[in-house]
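Enquirer: Starting off with a structure, shown below.
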Amino acid sequence: MNFALFAIGLPFVAAALLGLAGTPRQGAIGNAVASLALFGLTLAVFWGHSAGLVAVDPLAALFGTVSGFVGLTAALVNIGYVSADTARMPAQRWRLYHALFQIVLGTTLLGLYADNVGLLWAAMEGGTIAMTLGVSLYRTPTGLEAAWKYFILGGVGIGLALFGTMLVYLAAQPALGPGFAAMSFTALSAHAAHMDGALLTLAFVFILFGYGTKAALVPLHGWLPDAYAEGPAPLTTALSGLLINVALLAILRFRHLMQANAAAGGSAMPPGPFLLSLGLASLFLAAFSFSRRRDARRFFGFSSIEQSGISAFAFGIGGPVAIFGGLLHMVLHTLLKSGLFLALIRAASLRGSASPGNYGFSHLRGLLQANKKVGWLLGACIFALTGLPPSGLFASEFIIISQTIKKNPYMSLPLGLGLLLCAVAISRNIGPLLFAPASYEKPKPAGRDAWLVGLHLVLVFVVAFAMPGPLVNLLSHAAETLQ
């Protein structure tokens with residue numbers, strides 16, 4: 001049975017139902033129920049069969065399950081968020097919010113599961129429109145500005161990606177001729193050596209900058225910090241990794257076409273220099289931008305730019321081990337960053353409201369006085385984000401650094417320096433957030449959903465250091481296939 005089709009279709013059906021009727025809290029509960037069913041379907045995809053436009057490989061199934069898990073935990077936290085913030089918007093706008101939440105999940109899965117380059121592009125376009133509406137939901141001046149910036153930069157990126165997709169189709173004509181076969185990743189990979197290498201190189205440049213916009217790679221990264229800081233926080237939690245992963249995996253798959261053509265003696269250029277340049281640029285831009293950020297959500301938006309750059313750098317180094325490290329880094333970052341945003345939502349709630357504008361570092365400081373559990377969980381998430389041992393990200397970064405030293409030693413110095421600068425900038429915020437004097441009158445309850453943050457942290461630690469055999473085998477096979 002093709003469970004992938006059910007997994008893609010369920011969020012859109014749920015979005016239609018949630019957008020029609022119900023109170024804000026009823027919508028939040030319905031959102032959680034739909035997300036739970038969706039998570040079950042993403043697990044079932046591993047045992048299903050798929051073909052045609054939706055042909056799911058194990059790598060797509062893995063990231064689909066990660067996306068389903070993040071959507072579920074964000075939807076559970078969303079119940080308390082909506083209950084506390086109902087008065088901020090009319091009921092009909094809350095219904096739109098719940099529908100957009102599901103649409104983001106649906107377009108994410110469509111982009112992951114699609115075996116057709118055109119369908120992938122359509123999924124990214126749908127996600128762009130949904131997130132533009134989501135960022136502007138509160139109708140504040142800063143929210144509307146962030147949505148406009150997201151729409152403009154996202155529109156430029158998706159336009160570049162469309163042109164690149166058309167060029168890939170033209171490059172495939174000598175090998176596959178006209179028709180759907182020339183748009184299938186499976187067929188393109190099998191015949192990459194016989195594609196027009198010059199056209200493929202030109203296509204990759206447009207695709208790299210197009211989907212690189214969605215992955216928040218420099219220079220078209222400017223939408224992300226503002227989009228993170230505005231709009232309902234649970235939607236930001238979904239944005240923090242899901243659509244970025246779709247874009248990074250798209251870049252990796254197109255990179256494989258370039259590499260396979262160049263390795264077979266075709267006229268395509270090696271893709272490594274392109275990815276190394278954008279990866280390092282993203283890493284250093286984040287490193288030098290942290291110090292000026294006073295809003296926590298905007299601050300950790302720059303962290304997502306850093307992590308995208310690290311994965312792109314790993315893909316640029318190339319080889320199965322480096323690509324394994326980049327894919328592992330994406331999994332760990334998605335789980336960790338979403339857990340961190342869940343902790344931030346709870347931390348802001350201790351200060352009275354989790355609405356935008358209440359995430360300033362000065363506003364959240366002294367969390368241990370409000371609730372030790374929430375404070376330590378948030379502190380652990382922030383420390384894990386530095387990549388310093390025993391953080392889970394240390395495992396993937398160690399793999400990437402070791403492969404850089406082995407394959408391109410001259411790049412290891414800027415990579416190590418960029419990682420160190422980012423780690424120092426991030427860790428500086430832990431002390432004031434936890435220990436600084438604050439005006440909390442008395443300790444407050446952590447909330448029933450605080451355990452979800454702990455679950456994310458445990459999963460990151462287990463994935464990074466226990467390295468479950470099935471996961472290692474899956475990522476190793478994917479890295480071998482896409483090197």
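Here's how to read the names in the structure tokens: chain A, B, ... by the order shown, residue numbers from 1 in each chain, ligand numbers from 1 in the order shown.
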Hey, which bits of range 338-401 of chain A sit within 9 Å of range 237-255 of chain A, and for each residue what's the closest pair of atoms and how far apart in Å (one decimal), counting only C-alpha atoms, rows by chain and increasing number, as CSV?

Expert:
residue,atom,partner,partner_atom,distance
A:Ser338,CA,A:Thr237,CA,5.3
A:Gly339,CA,A:Thr237,CA,8.3
A:Leu340,CA,A:Thr237,CA,8.7
A:Phe341,CA,A:Thr237,CA,5.8
A:Leu342,CA,A:Thr237,CA,7.2

Enquirer: Env of Met269 in chain A: 12 Å cut, atoms = only C-alpha atoms, seq-sep filter 4 positions within chain, self excluded. Answer as a list in words.

Expert: Asp196, Gly197, Ala198, Leu199, Leu200, Thr201, Leu202, Ala203, Phe204, Val205, Arg255, His256, Leu257, Met258, Gln259, Ala260, Asn261, Ala262, Ala263, Ala264, Gly265, Pro273 and Phe274 of chain A

Enquirer: Could you name the residues that touch Leu18 in chain A at 8 Å or less, counting only C-alpha atoms, but leaving out those on the same chain fewer than 6 positions away, as a PyMOL selection string?

Expert: chain A and resi 27+30-31+95-96+98-99

Enquirer: For range 125-133 of chain A, work out the shell of residues within 8 Å, counting only C-alpha atoms and skipping chain neighbours fewer than 2 positions away, then give it as a list in words.

Expert: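 Near neighbours after the sequence-gap exclusion: Leu100, Ile103, Val104, Thr107, Thr108, Trp121, Ala122, Ala123, Val135, Ser136, Leu137, Ala147, Trp148, Tyr150, Phe151, Gly154, Gly155, Ile158, Leu239 and Leu243 of chain A.
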
Enquirer: I need the alpha helix (DSSP H) residues of range 53-83 of chain A per DSSP on the backbone, written as a PyMOL selection string.

Expert: chain A and resi 58-83
